[in-house]
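K.L.:
What follows is start00.tsv, made up of TSV, C-alpha atoms:
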chain	number	residue	atom	x	y	z
A	113	GLU	CA	-99.09	39.60	-123.55
A	114	ALA	CA	-97.72	38.89	-127.02
A	115	GLU	CA	-98.69	42.38	-128.16
A	116	ASP	CA	-97.09	43.96	-125.09
A	117	ALA	CA	-93.87	42.04	-125.81
A	118	PHE	CA	-94.02	42.99	-129.51
A	119	ASN	CA	-94.05	39.25	-130.27
A	120	VAL	CA	-96.50	39.43	-133.17
A	121	TYR	CA	-96.34	39.48	-136.96
A	122	ARG	CA	-97.69	42.11	-139.30
A	123	ASP	CA	-101.44	42.50	-139.20
A	124	PHE	CA	-102.07	41.05	-142.66
A	125	THR	CA	-100.46	37.71	-141.67
A	126	TYR	CA	-103.51	36.89	-139.54
A	127	GLU	CA	-106.60	35.46	-141.22
A	128	GLY	CA	-109.54	37.88	-141.38
A	129	ASN	CA	-107.54	40.77	-139.96
A	130	VAL	CA	-107.36	42.73	-143.23
A	131	ASP	CA	-110.29	43.46	-145.56
A	132	LEU	CA	-108.74	43.53	-149.01
A	133	ASP	CA	-111.98	44.66	-150.65
A	134	ALA	CA	-111.92	47.83	-148.57
A	135	ILE	CA	-108.48	48.89	-149.85
A	136	ASP	CA	-108.77	51.53	-152.59
A	137	ASP	CA	-105.08	51.83	-153.45
A	138	PRO	CA	-104.47	49.20	-156.17
A	139	MET	CA	-100.70	49.06	-155.53
A	140	ARG	CA	-101.15	48.46	-151.78
A	141	LYS	CA	-103.84	45.86	-152.48
A	142	LEU	CA	-101.59	44.05	-154.97
A	143	SER	CA	-98.71	44.19	-152.52
A	144	LEU	CA	-100.75	42.63	-149.72
A	145	GLU	CA	-102.15	39.95	-152.01
A	146	SER	CA	-98.63	39.06	-153.18
A	147	GLN	CA	-97.29	38.82	-149.64
A	148	ILE	CA	-100.22	36.69	-148.53
A	149	ALA	CA	-99.84	34.42	-151.58
A	150	ASN	CA	-96.11	33.96	-151.04
A	151	PHE	CA	-95.85	33.87	-147.24
A	152	GLY	CA	-99.33	32.70	-146.23
A	153	GLN	CA	-101.53	33.60	-143.28
A	154	ALA	CA	-101.90	32.12	-139.82
A	155	PRO	CA	-105.31	30.38	-139.63
A	156	SER	CA	-107.73	31.50	-136.96
A	157	GLN	CA	-108.03	27.92	-135.70
A	158	LEU	CA	-105.40	25.19	-135.98
A	159	LEU	CA	-107.22	22.19	-134.50
A	160	HIS	CA	-110.85	21.18	-134.66
A	161	LYS	CA	-110.61	18.54	-131.97
A	162	ARG	CA	-108.76	18.19	-128.70
A	163	HIS	CA	-105.01	18.06	-129.05
A	164	PRO	CA	-103.63	14.60	-128.14
A	165	GLU	CA	-101.89	14.39	-124.78
A	166	ARG	CA	-98.12	14.45	-124.65
A	167	ASN	CA	-96.45	11.06	-124.35
A	168	ALA	CA	-95.06	10.14	-120.96
A	169	LEU	CA	-91.40	10.93	-120.47
A	170	ASN	CA	-89.23	7.92	-121.21
A	171	THR	CA	-86.85	7.76	-118.29
A	172	GLU	CA	-84.90	4.79	-119.64
A	173	ILE	CA	-81.50	5.92	-120.85
A	174	VAL	CA	-80.07	4.07	-123.83
A	175	LYS	CA	-76.61	2.97	-122.79
A	176	SER	CA	-73.79	3.09	-125.26
A	177	ILE	CA	-70.73	0.88	-125.11
A	178	PHE	CA	-68.72	3.67	-126.71
A	179	HIS	CA	-69.13	5.96	-123.71
A	180	SER	CA	-69.23	3.37	-120.92
A	181	SER	CA	-66.48	2.39	-118.50
A	182	ARG	CA	-67.95	-1.09	-117.96
A	183	ILE	CA	-66.64	-3.27	-120.78
A	184	ASP	CA	-66.74	-7.04	-120.90
A	185	LEU	CA	-64.93	-9.22	-123.44
A	186	ILE	CA	-66.74	-12.48	-124.09
A	187	SER	CA	-64.69	-14.93	-126.16
A	188	PRO	CA	-65.56	-17.04	-127.97
A	189	ILE	CA	-69.31	-16.58	-128.37
A	190	LEU	CA	-69.69	-18.26	-131.75
A	191	CYS	CA	-67.74	-20.88	-133.66
A	192	PRO	CA	-69.24	-20.32	-137.12
A	193	VAL	CA	-67.04	-22.47	-139.35
A	194	VAL	CA	-66.23	-26.12	-139.42
A	195	GLY	CA	-62.56	-26.52	-140.19
A	196	LYS	CA	-59.85	-23.89	-140.39
A	197	GLY	CA	-61.65	-21.10	-142.26
A	198	LYS	CA	-60.81	-17.59	-141.11
A	199	ILE	CA	-63.60	-15.02	-140.82
A	200	ARG	CA	-63.17	-12.19	-143.29
A	201	SER	CA	-66.53	-10.43	-143.20
A	202	ILE	CA	-69.36	-9.98	-140.70
A	203	SER	CA	-72.75	-8.47	-141.50
A	204	VAL	CA	-75.35	-7.72	-138.86
A	205	LYS	CA	-79.08	-7.08	-139.16
A	206	SER	CA	-81.49	-6.40	-136.31
A	207	CYS	CA	-84.43	-8.75	-135.95
A	208	THR	CA	-87.93	-7.69	-134.88
A	209	ASN	CA	-86.85	-7.99	-131.27
A	210	SER	CA	-84.34	-5.24	-130.52
A	211	ASN	CA	-82.28	-7.65	-128.38
A	212	THR	CA	-81.99	-10.26	-131.13
A	213	TRP	CA	-79.59	-9.99	-134.06
A	214	LYS	CA	-79.03	-11.92	-137.25
A	215	ILE	CA	-75.32	-12.31	-137.97
A	216	ILE	CA	-73.91	-13.54	-141.28
A	217	THR	CA	-70.25	-14.50	-141.48
A	218	LEU	CA	-68.06	-15.21	-144.48
A	219	ASP	CA	-64.73	-16.98	-144.12
A	220	ASN	CA	-61.75	-17.27	-146.42
A	221	THR	CA	-63.13	-20.53	-147.87
A	222	ARG	CA	-66.19	-18.55	-149.11
A	223	LYS	CA	-68.49	-20.29	-146.63
A	224	LEU	CA	-71.52	-18.31	-145.46
A	225	VAL	CA	-73.00	-19.09	-142.06
A	226	GLN	CA	-76.04	-17.45	-140.49
A	227	HIS	CA	-76.37	-17.06	-136.72
A	228	THR	CA	-78.82	-15.66	-134.22
A	229	LEU	CA	-77.48	-13.77	-131.23
A	230	GLU	CA	-79.85	-12.85	-128.39
A	231	PHE	CA	-78.97	-10.65	-125.44
A	232	LYS	CA	-80.94	-11.51	-122.32
A	233	SER	CA	-80.82	-9.93	-118.89
A	234	GLU	CA	-78.17	-12.23	-117.46
A	235	LYS	CA	-76.67	-14.07	-120.42
A	236	ILE	CA	-76.03	-14.10	-124.16
A	237	VAL	CA	-77.56	-16.89	-126.22
A	238	ALA	CA	-75.90	-17.75	-129.54
A	239	GLU	CA	-77.28	-20.12	-132.12
A	240	THR	CA	-76.05	-21.15	-135.55
A	241	SER	CA	-79.27	-21.44	-137.50
A	242	ASN	CA	-78.05	-22.70	-140.86
A	243	GLU	CA	-75.02	-22.98	-143.08
A	244	LEU	CA	-75.67	-21.31	-146.42
A	245	ASP	CA	-74.33	-22.46	-149.73
A	246	SER	CA	-70.94	-20.97	-150.59
A	247	ILE	CA	-71.08	-18.08	-152.99
A	248	GLU	CA	-69.40	-18.51	-156.35
A	249	ARG	CA	-65.68	-18.81	-155.72
A	250	LEU	CA	-63.57	-15.76	-156.49
A	251	THR	CA	-61.09	-16.83	-159.14
A	252	VAL	CA	-59.06	-13.62	-159.01
A	253	PRO	CA	-56.24	-12.69	-156.62
A	254	LEU	CA	-58.38	-10.38	-154.46
A	255	GLU	CA	-57.98	-10.55	-150.72
A	256	LEU	CA	-61.34	-11.11	-149.06
A	257	HIS	CA	-62.44	-8.00	-147.19
A	258	PRO	CA	-65.77	-6.61	-145.90
A	259	ARG	CA	-65.72	-3.97	-148.65
A	260	LEU	CA	-66.36	-6.75	-151.21
A	261	PHE	CA	-69.76	-7.51	-149.68
A	262	ALA	CA	-72.98	-5.78	-148.65
A	263	ILE	CA	-76.16	-7.18	-147.10
A	264	SER	CA	-79.62	-5.88	-148.02
A	265	ASN	CA	-81.59	-4.11	-145.30
A	266	ASN	CA	-84.01	-7.01	-144.92
A	267	GLY	CA	-81.09	-9.42	-144.47
A	268	LYS	CA	-82.25	-11.65	-147.31
A	269	ALA	CA	-79.72	-10.85	-150.04
A	270	LEU	CA	-75.95	-10.57	-150.39
A	271	TYR	CA	-74.21	-8.29	-152.89
A	272	SER	CA	-70.73	-9.57	-153.70
A	273	ALA	CA	-67.84	-8.25	-155.78
A	274	GLY	CA	-64.52	-9.65	-157.01
A	275	HIS	CA	-65.92	-12.11	-159.55
A	276	TRP	CA	-64.02	-13.22	-162.65
A	277	ASP	CA	-66.72	-11.95	-165.07
A	278	ASN	CA	-66.44	-8.32	-163.77
A	279	SER	CA	-69.95	-8.52	-162.33
A	280	ILE	CA	-71.77	-7.81	-159.09
A	281	LYS	CA	-73.69	-10.84	-157.89
A	282	LEU	CA	-76.87	-10.74	-155.87
A	283	SER	CA	-77.33	-13.97	-153.90
A	284	ALA	CA	-80.33	-14.99	-151.79
A	285	LEU	CA	-79.51	-15.70	-148.16
A	286	GLU	CA	-82.73	-17.50	-147.33
A	287	ALA	CA	-82.06	-21.24	-147.01
A	288	ALA	CA	-84.82	-22.13	-149.46
A	289	LEU	CA	-83.58	-19.60	-152.01
A	290	SER	CA	-79.82	-19.93	-151.59
A	291	SER	CA	-79.37	-21.30	-155.10
A	292	ASN	CA	-80.80	-18.17	-156.69
A	293	MET	CA	-78.18	-15.72	-157.96
A	294	LEU	CA	-78.43	-12.62	-160.12
A	295	SER	CA	-75.36	-11.51	-162.04
A	296	ILE	CA	-75.00	-7.84	-163.02
A	297	PRO	CA	-72.12	-7.42	-165.51
A	298	TYR	CA	-71.35	-3.83	-166.53
A	299	HIS	CA	-67.83	-2.93	-165.40
A	300	LYS	CA	-64.93	-3.49	-167.78
A	301	ASP	CA	-62.67	-4.97	-165.10
A	302	ILE	CA	-63.00	-6.74	-161.76
A	303	VAL	CA	-65.32	-5.08	-159.23
A	304	SER	CA	-63.15	-4.27	-156.22
A	305	SER	CA	-65.61	-2.67	-153.79
A	306	VAL	CA	-69.34	-2.20	-153.14
A	307	SER	CA	-71.30	-0.01	-150.72
A	308	LEU	CA	-75.00	0.12	-149.90
A	309	THR	CA	-76.65	3.26	-148.53
A	310	GLN	CA	-78.43	3.24	-145.16
A	311	ASP	CA	-81.88	3.14	-146.74
A	312	GLY	CA	-80.87	0.19	-148.93
A	313	LYS	CA	-82.05	1.92	-152.10
A	314	THR	CA	-78.70	2.76	-153.70
A	315	LEU	CA	-75.74	0.49	-154.39
A	316	VAL	CA	-72.39	1.87	-155.54
A	317	SER	CA	-69.75	-0.37	-157.11
A	318	GLY	CA	-66.11	0.47	-157.80
A	319	SER	CA	-63.79	-1.38	-160.14
A	320	ARG	CA	-60.26	-1.84	-161.35
A	321	ASP	CA	-61.45	-0.02	-164.49
A	322	THR	CA	-61.25	3.16	-162.30
A	323	THR	CA	-64.99	3.94	-162.52
A	324	LEU	CA	-67.85	3.84	-160.04
A	325	LEU	CA	-71.40	2.84	-160.94
A	326	VAL	CA	-74.48	3.99	-159.04
A	327	TRP	CA	-77.33	1.46	-159.05
A	328	ASN	CA	-80.94	2.01	-158.02
A	329	VAL	CA	-82.21	-0.84	-155.86
A	330	GLY	CA	-85.90	-1.52	-155.49
A	331	GLY	CA	-87.94	-4.09	-153.64
A	332	LYS	CA	-91.39	-5.57	-153.70
A	333	ARG	CA	-92.80	-8.12	-151.27
A	334	GLY	CA	-89.38	-8.93	-149.90
A	335	LYS	CA	-87.73	-9.29	-153.32
A	336	ILE	CA	-84.68	-7.24	-154.30
A	337	ILE	CA	-84.71	-5.64	-157.76
A	338	VAL	CA	-81.62	-3.99	-159.27
A	339	ARG	CA	-81.90	-1.97	-162.46
A	340	SER	CA	-80.15	-3.54	-165.45
A	341	SER	CA	-78.12	-0.37	-166.08
A	342	PRO	CA	-76.62	2.14	-163.62
A	343	SER	CA	-78.15	5.55	-163.03
A	344	HIS	CA	-74.73	7.25	-163.03
A	345	VAL	CA	-71.14	6.52	-163.98
A	346	LEU	CA	-68.65	8.36	-161.77
A	347	TYR	CA	-65.18	9.19	-163.09
A	348	GLY	CA	-61.99	10.70	-161.71
A	349	HIS	CA	-59.80	7.87	-160.43
A	350	ASN	CA	-56.71	6.78	-162.32
A	351	ASP	CA	-56.27	3.50	-160.45
A	352	GLU	CA	-58.31	0.69	-158.87
A	353	VAL	CA	-61.15	1.87	-156.62
A	354	LYS	CA	-60.26	0.33	-153.26
A	355	CYS	CA	-63.01	1.47	-150.89
A	356	ILE	CA	-66.42	3.18	-151.14
A	357	VAL	CA	-68.75	4.80	-148.64
A	358	ALA	CA	-72.21	5.83	-149.90
A	359	ASN	CA	-74.48	7.97	-147.71
A	360	ASN	CA	-77.98	8.85	-148.89
A	361	GLU	CA	-78.63	11.31	-146.05
A	362	LEU	CA	-75.61	13.42	-146.97
A	363	ASP	CA	-76.12	12.65	-150.69
A	364	ILE	CA	-72.46	11.84	-151.23
A	365	CYS	CA	-70.31	8.96	-152.38
A	366	VAL	CA	-66.74	8.88	-151.06
A	367	SER	CA	-64.26	6.62	-152.84
A	368	ILE	CA	-60.52	6.09	-152.65
A	369	SER	CA	-57.81	4.72	-154.89
A	370	ASP	CA	-54.10	4.53	-154.13
A	371	ASN	CA	-53.35	8.23	-154.46
A	372	MET	CA	-56.63	10.08	-154.09
A	373	CYS	CA	-60.02	10.33	-152.43
A	374	LEU	CA	-62.96	11.56	-154.53
A	375	ILE	CA	-66.35	12.88	-153.46
A	376	HIS	CA	-69.38	12.74	-155.80
A	377	THR	CA	-73.06	13.40	-155.28
A	378	LEU	CA	-75.29	10.34	-155.34
A	379	ARG	CA	-78.52	11.70	-156.81
A	380	GLU	CA	-77.02	13.64	-159.71
A	381	GLY	CA	-73.61	12.01	-160.01
A	382	TYR	CA	-71.69	15.31	-159.93
A	383	PHE	CA	-68.00	15.45	-159.09
A	384	VAL	CA	-67.50	17.57	-155.95
A	385	ARG	CA	-63.84	17.49	-154.93
A	386	LYS	CA	-60.59	15.55	-154.74
A	387	ILE	CA	-58.42	14.90	-151.67
A	388	THR	CA	-54.78	13.84	-151.94
A	389	HIS	CA	-52.15	13.00	-149.33
A	390	ASP	CA	-49.65	15.81	-148.91
A	391	LEU	CA	-46.84	13.26	-148.55
A	392	LYS	CA	-47.96	11.19	-151.56
A	393	ALA	CA	-48.77	8.25	-149.30
A	394	VAL	CA	-51.13	5.46	-150.37
A	395	PHE	CA	-54.74	5.51	-149.17
A	396	ASP	CA	-56.15	2.16	-147.99
A	397	SER	CA	-59.63	2.71	-146.56
A	398	VAL	CA	-62.09	5.44	-145.64
A	399	VAL	CA	-65.08	5.82	-143.33
A	400	LEU	CA	-67.65	8.61	-143.14
A	401	SER	CA	-69.52	9.78	-140.05
A	402	LYS	CA	-73.12	10.92	-140.23
A	403	HIS	CA	-71.89	14.41	-139.32
A	404	GLY	CA	-69.82	14.64	-142.48
A	405	TYR	CA	-66.30	13.83	-141.25
A	406	LEU	CA	-63.99	11.61	-143.30
A	407	ILE	CA	-61.30	9.45	-141.71
A	408	ILE	CA	-58.77	8.01	-144.16
A	409	TYR	CA	-56.30	5.30	-143.20
A	410	SER	CA	-52.94	5.08	-144.91
A	411	SER	CA	-50.65	2.08	-144.42
A	412	THR	CA	-47.69	3.90	-145.96
A	413	ASP	CA	-47.12	6.08	-142.91
A	414	VAL	CA	-49.58	4.11	-140.69
A	415	SER	CA	-51.73	7.13	-139.98
A	416	LEU	CA	-55.31	8.31	-139.70
A	417	ARG	CA	-56.24	11.59	-141.36
A	418	LEU	CA	-59.38	13.60	-140.59
A	419	TYR	CA	-61.16	15.77	-143.18
A	420	ASP	CA	-64.47	17.58	-143.21
A	421	ILE	CA	-67.05	17.08	-145.94
A	422	ASN	CA	-65.60	20.06	-147.83
A	423	GLY	CA	-62.25	18.30	-148.16
A	424	ARG	CA	-60.50	20.49	-145.60
A	425	PHE	CA	-57.72	18.70	-143.72
A	426	LEU	CA	-58.28	18.91	-139.96
A	427	LYS	CA	-55.93	16.55	-138.15
A	428	SER	CA	-53.77	13.45	-138.44
A	429	THR	CA	-52.36	10.95	-135.98
A	430	GLN	CA	-49.82	8.15	-136.13
A	431	ILE	CA	-50.84	4.69	-134.92
A	432	ASP	CA	-48.71	1.79	-133.71
A	433	THR	CA	-50.39	-1.02	-135.64
A	434	PHE	CA	-51.71	-1.71	-139.12
A	435	ILE	CA	-55.50	-1.62	-139.42
A	436	ASN	CA	-57.59	-4.31	-141.08
A	437	HIS	CA	-61.04	-2.72	-140.78
A	438	MET	CA	-62.71	0.47	-139.50
A	439	VAL	CA	-66.28	1.32	-138.52
A	440	ILE	CA	-67.95	4.33	-136.91
A	441	SER	CA	-70.31	4.17	-133.93
A	442	PRO	CA	-74.01	4.81	-134.58
A	443	ASP	CA	-73.84	8.21	-132.87
A	444	GLY	CA	-71.06	9.27	-135.24
A	445	TYR	CA	-68.51	10.28	-132.59
A	446	ILE	CA	-66.30	7.20	-132.12
A	447	LEU	CA	-64.11	5.41	-134.66
A	448	VAL	CA	-63.45	1.73	-133.92
A	449	ALA	CA	-60.42	0.22	-135.66
A	450	ALA	CA	-59.43	-3.44	-135.83
A	451	GLY	CA	-55.68	-3.75	-135.34
A	452	ARG	CA	-53.49	-6.52	-136.65
A	453	ASN	CA	-51.88	-6.72	-133.21
A	454	GLY	CA	-55.13	-8.03	-131.71
A	455	SER	CA	-56.43	-4.75	-130.27
A	456	LEU	CA	-59.64	-2.81	-130.80
A	457	LEU	CA	-58.83	0.91	-130.89
A	458	PHE	CA	-61.49	3.46	-129.99
A	459	TYR	CA	-60.78	6.98	-131.31
A	460	ASP	CA	-62.63	10.21	-130.69
A	461	ILE	CA	-63.37	11.35	-134.23
A	462	LEU	CA	-62.93	15.08	-133.73
A	463	SER	CA	-59.62	14.87	-131.88
A	464	LEU	CA	-58.33	11.49	-133.19
A	465	GLU	CA	-57.27	10.71	-129.63
A	466	ILE	CA	-57.50	7.15	-128.32
A	467	VAL	CA	-60.24	6.87	-125.71
A	468	ARG	CA	-60.04	3.11	-125.15
A	469	VAL	CA	-58.03	0.07	-126.18
A	470	ILE	CA	-59.43	-3.46	-125.82
A	471	GLN	CA	-57.00	-6.34	-126.19
A	472	VAL	CA	-58.58	-9.33	-127.91
A	473	GLY	CA	-55.40	-11.37	-128.14
A	474	GLU	CA	-55.54	-12.37	-131.81
A	475	GLU	CA	-55.50	-10.50	-135.12
A	476	ILE	CA	-58.92	-8.95	-135.81
A	477	PHE	CA	-59.98	-9.17	-139.43
A	478	CYS	CA	-63.42	-7.51	-139.34
A	479	ILE	CA	-65.83	-5.82	-136.94
A	480	SER	CA	-69.47	-4.85	-136.94
A	481	MET	CA	-71.81	-2.93	-134.65
A	482	LEU	CA	-74.82	-4.40	-132.87
A	483	GLY	CA	-76.59	-1.13	-132.15
A	484	GLU	CA	-75.14	1.10	-129.43
A	485	ARG	CA	-74.27	-1.55	-126.88
A	486	HIS	CA	-72.37	-4.38	-128.53
A	487	ILE	CA	-69.54	-5.00	-131.01
A	488	VAL	CA	-68.82	-8.29	-132.74
A	489	ALA	CA	-65.32	-8.99	-134.06
A	490	GLY	CA	-64.04	-11.75	-136.32
A	491	ILE	CA	-60.80	-13.44	-135.26
A	492	THR	CA	-59.48	-16.51	-137.10
A	493	ASP	CA	-62.20	-19.19	-136.90
A	494	ARG	CA	-64.53	-17.62	-134.36
A	495	MET	CA	-66.12	-14.39	-133.23
A	496	VAL	CA	-65.93	-12.45	-130.01
A	497	VAL	CA	-68.55	-10.13	-128.61
A	498	ILE	CA	-67.56	-6.96	-126.80
A	499	THR	CA	-70.38	-5.71	-124.59
A	500	GLU	CA	-71.11	-3.91	-121.35
A	501	LYS	CA	-70.49	-5.91	-118.22
A	502	ILE	CA	-73.66	-7.57	-117.01
A	503	LEU	CA	-74.24	-6.32	-113.47
Write the structure described by the file as C-alpha cells, please.
P.N.:
Amino acid sequence: EAEDAFNVYRDFTYEGNVDLDAIDDPMRKLSLESQIANFGQAPSQLLHKRHPERNALNTEIVKSIFHSSRIDLISPILCPVVGKGKIRSISVKSCTNSNTWKIITLDNTRKLVQHTLEFKSEKIVAETSNELDSIERLTVPLELHPRLFAISNNGKALYSAGHWDNSIKLSALEAALSSNMLSIPYHKDIVSSVSLTQDGKTLVSGSRDTTLLVWNVGGKRGKIIVRSSPSHVLYGHNDEVKCIVANNELDICVSISDNMCLIHTLREGYFVRKITHDLKAVFDSVVLSKHGYLIIYSSTDVSLRLYDINGRFLKSTQIDTFINHMVISPDGYILVAAGRNGSLLFYDILSLEIVRVIQVGEEIFCISMLGERHIVAGITDRMVVITEKIL
C-alpha cells in the first residue's frame, strides 16, 4: 500500500536493499556511500521484543483556575506573622504530594515563616510549621519586593539581595540549618534584583552598578553550591537594574532599568536587543511567558506593553490602578496583576484584555501560583487563597 501511494523513500535508504559491492561506477558508489553515511538507513527490524502496550487514556481533565468560571475567595487562610508585619514576598514550592504546598512568606520586618497548605476534597488545611530566623536586615533604603528574593527548587535555600555589602546571600531555610549563610560579594553596588531559572541551575543578579551577573548553581545531596565567580557579566544598562526574568528554556535573560529593557542570552552572555518606551516613560517591572512574550509595566503612564521575543511592539493598554506585582499562569496565556486598589486583574496575554477581576478588599503586595488551580496573595499581615469553588 505504501508503494502504491508513493509513500516510500529512495531504495538505498532501506537496509540491505542496495548491494554496494556490485556497483562498478566509482562515482555512483561514492555518492551512495556518502548519502548513507550522512542520512542513514532504515533498519530492517526496529524492535527485538514485543512493543509495550499503550497506556490507558487518562480521562481526568486538569482544571485551571485561569479558565474557570467557578472562583472562590477564601480569606484569611493563613496568619503568618505575629505583630503588624506586612507580607512583601511569597514563595511556593510543591511537596511530594501534588495537593500539598510549602509556602514561605517574608514580611517587612524581615521575618521568614514557613507554612504547609493542603487542599483536600472538601476543605483547605493550613498549618504554620515553623518560624525561621530573620535574614540579615537590609540596611539600605530598598523597598522590599519579591524581585529581591528567590527560593531554590528544593525549597531549602533562599537567595536574597539588597544587602549593605553589595552581596547576594544564600540562607538555609531548614530549621536546623537556618543559621548557615553564604555571602557572595562581586557587584560594585547594591544588588537590586535576582532571578532563578526554572531548572534552578542559573541565578542572575542585577545591581545599581548597572551590570548583571550570571551564576552557575550546582547541588549535591540537597546542598546548594554557587560558583565563586560569575560565568558572564552582562552590560548595557545605564541605570539601576530594577527587575530580571531568566528563562533557561528560551535561553534568554530579560532585564529592565528606568528607561530600557535589555535581552541577553544566558548560555553565552551575548547582547541581543534593546527595547525602549516610545514616550520615554519609566519601566517598573517585566514578566516573560514561556511562549516568548514580554509584558512590561510602566507606572509613568500606568500601562502594560506587550512585545514579542524579537523586541517587536505588539500592543499596549491603560489600566486604572498601580500594580505591585505580576505573574504569568503556568500555561503562559494569562497575566495576573496585583493592584494597589485591592483587585486581582486577569489579562489575556495576546490581547491584553481583562478576562476577570477579583476584588480582595485590601492592597495586594505579592502573589504566587500554586499550580494551575490556586493563587495565594499577600495582603497586610495575612494571606488569602483564590481557588475554584468546592462543589
K.L.:
Record the distance separating CA of Val329 (chain A) and CA of Lys354 (chain A), expressed in Å with one decimal.
P.N.:
22.1 Å
K.L.:
Please write as a ChimeraX atom specification the list of polymer residues whose atoms come within 10 Å of (-78.2, 4.5, -150.2), counting only C-alpha atoms and keeping to the coordinates of the file.
P.N.:
/A:307-316,326-329,357-365,378-379
K.L.:
Taking 4 positions as the minimum chain separation for residues in the same chain, which residues sit within 10 Å of Asp351 (chain A) when counting all atoms listed in the file? Answer as a list in words.
P.N.:
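Listed by chain and then number, they are Ser319, Arg320, Asp321, Thr322, Thr323, Ile368, Ser369, Asp370, Asn371 and Met372 of chain A.
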K.L.:
When you look at Asp432 (chain A) with a cut-off of 10 Å (counting only C-alpha atoms), what residues show up, excluding the ones that are within fewer than 3 positions of it in the same chain? I need them as a PyMOL selection string.
P.N.:
chain A and resi 414-415+435+451+453
K.L.:
What's the 9 Å shell around Arg200 (chain A), counting all atoms listed in the file, without same-chain residues fewer than 5 positions away, as a list in words?
P.N.:
Thr217, Leu218, Asp219, Asn220, Leu256, His257, Pro258, Phe477, Cys478, Gly490, Ile491 and Thr492 of chain A
